[in-house]
Amino acid sequence: MKLLVTGGAGFMGSSFIRNVIDRVDLLVNLDALTYAGNLDNLKEVRASHYHFVEGDICDEPLLARLQVEYGFTHIVHFAAETHVDRSITGPKRFLETNVMGTYALLELVRANPGMKMHLISTDEVYGSVDEGFFTEETPYAPSSPYSASKAAADHLTLAYAKTYGIDVTISHASNNYGPCQYPEKLIPLMISKCAAGEPLPVYGDGTNVRDWLYVDDHSEAVWRILERGVSGEVYDISGREEVRNIDLVREIIRLMGSNSEIVFVKDRPGHDFRYAMRGEKMEKELGWKRRYSLQLGLERTIDWYVNEKNCLRDSRSTSVNAFS
């Protein structure tokens, strides 16, 4: 397998690379190194068959040159703008990266018959559900420019599969958490602020519900899809760890022995109340199950942030949290 990973210096992409580097013949990490990308996330990856390229996935001539040089057989497409709040204040960048970047990669696959591409998507494309669970057949109902841009990328990918017969798969994951996550997201932000003794901002009344998935479990699920997934299929990756945001923040406070106080802040526009996927397809068809409970995953995550102080960004750079 000669693998191109886009966005491999980011949180999820770097976890995937660390987990699969010894299972592939070649791995090229293409990353634009935006604010959320950090090569320190890959400092232990020293393999001779690993190569980093700084560049934009929208750069089609660059993609073509890399294909000539490396001859990729597979692509795992992590690169994306993902922060909901940023999408509300500046949606254009999300359309450029999430839609047009996906288009550029699909064109690369179309020009190279036999190549396989997996798109990393999000459960947010389904919108919000008060009761029950999303499945792979749930109609899309995105609520933010971010989730709409990811939904557009999903539709474009499946349309290319039907129109051009290319080999693609898509996955929707629950909220990922773990080491190396940029602290605009809920869990690392709360850890950062607890460590600094700062107030913990929580949107609304904190009763919004999210399903949490440890990032290394997500990486294993993506690898399982890459190996065994059926072309043209969509797979939901569920952590099956639903918890209210306020309860999650309280648990972080408890685990860290912090005296930080929770401060409720004005809710963001279009804030989805609950995400929940059934995730049975991954288990029944691909035999994947998560290894990390939320309790164990939180303990490992907190330990990493506390002990890797060089990677703990200044919590004051992010004033409110995001639940995406």
# chains A, B, ... in the order shown; residues from 1 in each chain; ligands from 1
$ select_by_dssp --residues "segment 164-289 of chain A" --states "helix (DSSP H, G or I)" --output "PyMOL selection string"
chain A and resi 164+186-196+215-228+245-256+280-286
$ residues_around --residues "segment 135-141 of chain A" --least-positions-apart "4" --cutoff "8 Å" --atoms "only C-alpha atoms" --output "list in words"
Val125, Tyr126, Gly127, Ser128, Ala151, Val234, Tyr235, Asp236, Met277, Arg278 and Gly279 of chain A
$ write_last_selection --atoms "C-alpha atoms" --output "compact mmCIF listing (two decimals), in the first residue's frame"
# COMPACT_ATOMS: atom_id res chain seq x y z
CA VAL A 125 -23.99 16.13 8.54
CA TYR A 126 -27.08 14.45 10.02
CA GLY A 127 -28.06 17.46 12.11
CA SER A 128 -29.56 16.96 15.56
CA ALA A 151 -22.24 17.20 3.62
CA VAL A 234 -20.75 4.85 4.12
CA TYR A 235 -19.78 3.78 7.65
CA ASP A 236 -20.77 5.41 10.95
CA MET A 277 -25.15 7.22 15.82
CA ARG A 278 -26.04 3.56 16.11
CA GLY A 279 -22.80 2.35 14.47
$ atom_distance --atom1 "atom CA of Asn98 of chain A" --atom2 "atom CA of His74 of chain A"
19.0 Å
$ residues_around --residues "Ser87 of chain A" --least-positions-apart "5" --cutoff "7 Å" --atoms "only C-alpha atoms" --output "list in words"
Phe94, Pro145 and Tyr146 of chain A
$ residues_around --residues "Asn41 of chain A" --least-positions-apart "6" --cutoff "10 Å" --atoms "only C-alpha atoms" --output "list in words"
Gly8, Ala9, Gly10, Phe11, Gly13, Ser14, Ser15, Ile17, Arg18, Pro179, Cys180, Gln181 and Cys311 of chain A
$ select_by_dssp --residues "segment 11-122 of chain A" --states "strand (DSSP E)" --output "ChimeraX atom specification"
/A:26-31,50-54,74-77,116-122
$ closest_residue --among "A:Met117, A:Leu66, A:Val45, A:Leu248" --to "Ile21 of chain A" --atoms "only C-alpha atoms"
A:Val45
$ closest_residue --among "A:Leu213, A:Ile253, A:Leu189, A:Ile262" --to "Tyr177 of chain A" --atoms "only C-alpha atoms"
A:Leu213
$ residues_around --residues "Gln67 of chain A" --least-positions-apart "6" --cutoff "10 Å" --atoms "only C-alpha atoms" --output "VMD selection string"
chain A and resid 4 61 73 108 to 109 112
$ closest_residue --among "A:Ala152, A:Val202, A:Val249, A:Val20" --to "Val265 of chain A" --atoms "only C-alpha atoms"
A:Val202
$ closest_residue --among "A:His83, A:Arg290, A:Arg300, A:Lys162" --to "Glu220 of chain A" --atoms "only C-alpha atoms"
A:Arg290
$ decode --residues "segment 195-271 of chain A" --atoms "C-alpha atoms" --output "PDB file, in the first residue's frame"
ATOM      1  CA  ALA A 195      -4.556  23.540  34.389  1.00  0.00           C
ATOM      2  CA  ALA A 196      -4.383  27.343  34.327  1.00  0.00           C
ATOM      3  CA  GLY A 197      -7.032  27.782  37.033  1.00  0.00           C
ATOM      4  CA  GLU A 198      -9.250  29.752  34.648  1.00  0.00           C
ATOM      5  CA  PRO A 199     -13.078  29.796  34.374  1.00  0.00           C
ATOM      6  CA  LEU A 200     -14.592  27.109  32.126  1.00  0.00           C
ATOM      7  CA  PRO A 201     -16.989  28.573  29.513  1.00  0.00           C
ATOM      8  CA  VAL A 202     -19.920  26.329  28.600  1.00  0.00           C
ATOM      9  CA  TYR A 203     -22.499  27.175  25.934  1.00  0.00           C
ATOM     10  CA  GLY A 204     -26.141  27.629  26.970  1.00  0.00           C
ATOM     11  CA  ASP A 205     -27.111  25.498  29.954  1.00  0.00           C
ATOM     12  CA  GLY A 206     -24.673  22.700  29.125  1.00  0.00           C
ATOM     13  CA  THR A 207     -27.339  20.064  28.452  1.00  0.00           C
ATOM     14  CA  ASN A 208     -26.312  19.421  24.839  1.00  0.00           C
ATOM     15  CA  VAL A 209     -25.394  15.772  24.368  1.00  0.00           C
ATOM     16  CA  ARG A 210     -22.416  14.389  22.437  1.00  0.00           C
ATOM     17  CA  ASP A 211     -21.124  10.886  21.767  1.00  0.00           C
ATOM     18  CA  TRP A 212     -17.364  10.619  22.397  1.00  0.00           C
ATOM     19  CA  LEU A 213     -14.763   8.473  20.611  1.00  0.00           C
ATOM     20  CA  TYR A 214     -11.098   8.189  21.572  1.00  0.00           C
ATOM     21  CA  VAL A 215      -8.968   9.191  18.598  1.00  0.00           C
ATOM     22  CA  ASP A 216      -6.909   5.973  18.428  1.00  0.00           C
ATOM     23  CA  ASP A 217     -10.133   3.951  18.265  1.00  0.00           C
ATOM     24  CA  HIS A 218     -11.176   6.136  15.352  1.00  0.00           C
ATOM     25  CA  SER A 219      -7.851   5.497  13.624  1.00  0.00           C
ATOM     26  CA  GLU A 220      -8.307   1.743  13.932  1.00  0.00           C
ATOM     27  CA  ALA A 221     -11.811   2.028  12.516  1.00  0.00           C
ATOM     28  CA  VAL A 222     -10.543   3.978   9.503  1.00  0.00           C
ATOM     29  CA  TRP A 223      -7.861   1.372   8.892  1.00  0.00           C
ATOM     30  CA  ARG A 224     -10.506  -1.365   9.054  1.00  0.00           C
ATOM     31  CA  ILE A 225     -12.545   0.474   6.411  1.00  0.00           C
ATOM     32  CA  LEU A 226      -9.461   0.952   4.255  1.00  0.00           C
ATOM     33  CA  GLU A 227      -8.745  -2.773   4.389  1.00  0.00           C
ATOM     34  CA  ARG A 228     -12.238  -4.255   4.271  1.00  0.00           C
ATOM     35  CA  GLY A 229     -14.707  -1.501   3.393  1.00  0.00           C
ATOM     36  CA  VAL A 230     -16.956  -1.940   0.382  1.00  0.00           C
ATOM     37  CA  SER A 231     -16.590   0.593  -2.418  1.00  0.00           C
ATOM     38  CA  GLY A 232     -19.340   3.205  -2.442  1.00  0.00           C
ATOM     39  CA  GLU A 233     -20.386   2.484   1.142  1.00  0.00           C
ATOM     40  CA  VAL A 234     -20.746   4.846   4.125  1.00  0.00           C
ATOM     41  CA  TYR A 235     -19.777   3.780   7.652  1.00  0.00           C
ATOM     42  CA  ASP A 236     -20.767   5.412  10.946  1.00  0.00           C
ATOM     43  CA  ILE A 237     -18.115   5.136  13.688  1.00  0.00           C
ATOM     44  CA  SER A 238     -19.777   5.505  17.087  1.00  0.00           C
ATOM     45  CA  GLY A 239     -18.078   5.718  20.455  1.00  0.00           C
ATOM     46  CA  ARG A 240     -21.354   4.826  22.215  1.00  0.00           C
ATOM     47  CA  GLU A 241     -20.398   7.185  25.043  1.00  0.00           C
ATOM     48  CA  GLU A 242     -23.191   9.766  25.242  1.00  0.00           C
ATOM     49  CA  VAL A 243     -22.841  12.442  27.896  1.00  0.00           C
ATOM     50  CA  ARG A 244     -24.112  15.959  28.494  1.00  0.00           C
ATOM     51  CA  ASN A 245     -21.501  18.657  28.018  1.00  0.00           C
ATOM     52  CA  ILE A 246     -21.943  19.935  31.559  1.00  0.00           C
ATOM     53  CA  ASP A 247     -21.400  16.450  33.004  1.00  0.00           C
ATOM     54  CA  LEU A 248     -18.294  15.959  30.890  1.00  0.00           C
ATOM     55  CA  VAL A 249     -16.830  19.262  32.107  1.00  0.00           C
ATOM     56  CA  ARG A 250     -17.572  18.335  35.699  1.00  0.00           C
ATOM     57  CA  GLU A 251     -15.792  15.005  35.220  1.00  0.00           C
ATOM     58  CA  ILE A 252     -12.715  16.772  33.843  1.00  0.00           C
ATOM     59  CA  ILE A 253     -12.726  19.069  36.882  1.00  0.00           C
ATOM     60  CA  ARG A 254     -12.927  16.026  39.158  1.00  0.00           C
ATOM     61  CA  LEU A 255     -10.163  14.096  37.404  1.00  0.00           C
ATOM     62  CA  MET A 256      -7.852  17.101  37.488  1.00  0.00           C
ATOM     63  CA  GLY A 257      -8.668  18.087  41.066  1.00  0.00           C
ATOM     64  CA  SER A 258      -9.301  21.604  39.803  1.00  0.00           C
ATOM     65  CA  ASN A 259     -10.948  24.579  41.509  1.00  0.00           C
ATOM     66  CA  SER A 260     -11.948  26.180  38.201  1.00  0.00           C
ATOM     67  CA  GLU A 261     -15.538  27.383  38.037  1.00  0.00           C
ATOM     68  CA  ILE A 262     -18.010  26.733  35.215  1.00  0.00           C
ATOM     69  CA  VAL A 263     -19.307  29.889  33.530  1.00  0.00           C
ATOM     70  CA  PHE A 264     -22.318  29.626  31.215  1.00  0.00           C
ATOM     71  CA  VAL A 265     -22.014  31.753  28.074  1.00  0.00           C
ATOM     72  CA  LYS A 266     -24.414  32.728  25.296  1.00  0.00           C
ATOM     73  CA  ASP A 267     -25.260  29.775  23.085  1.00  0.00           C
ATOM     74  CA  ARG A 268     -23.982  29.780  19.520  1.00  0.00           C
ATOM     75  CA  PRO A 269     -26.370  30.066  16.536  1.00  0.00           C
ATOM     76  CA  GLY A 270     -27.830  26.792  15.294  1.00  0.00           C
ATOM     77  CA  HIS A 271     -26.299  24.759  18.113  1.00  0.00           C
TER      78      HIS A 271
END
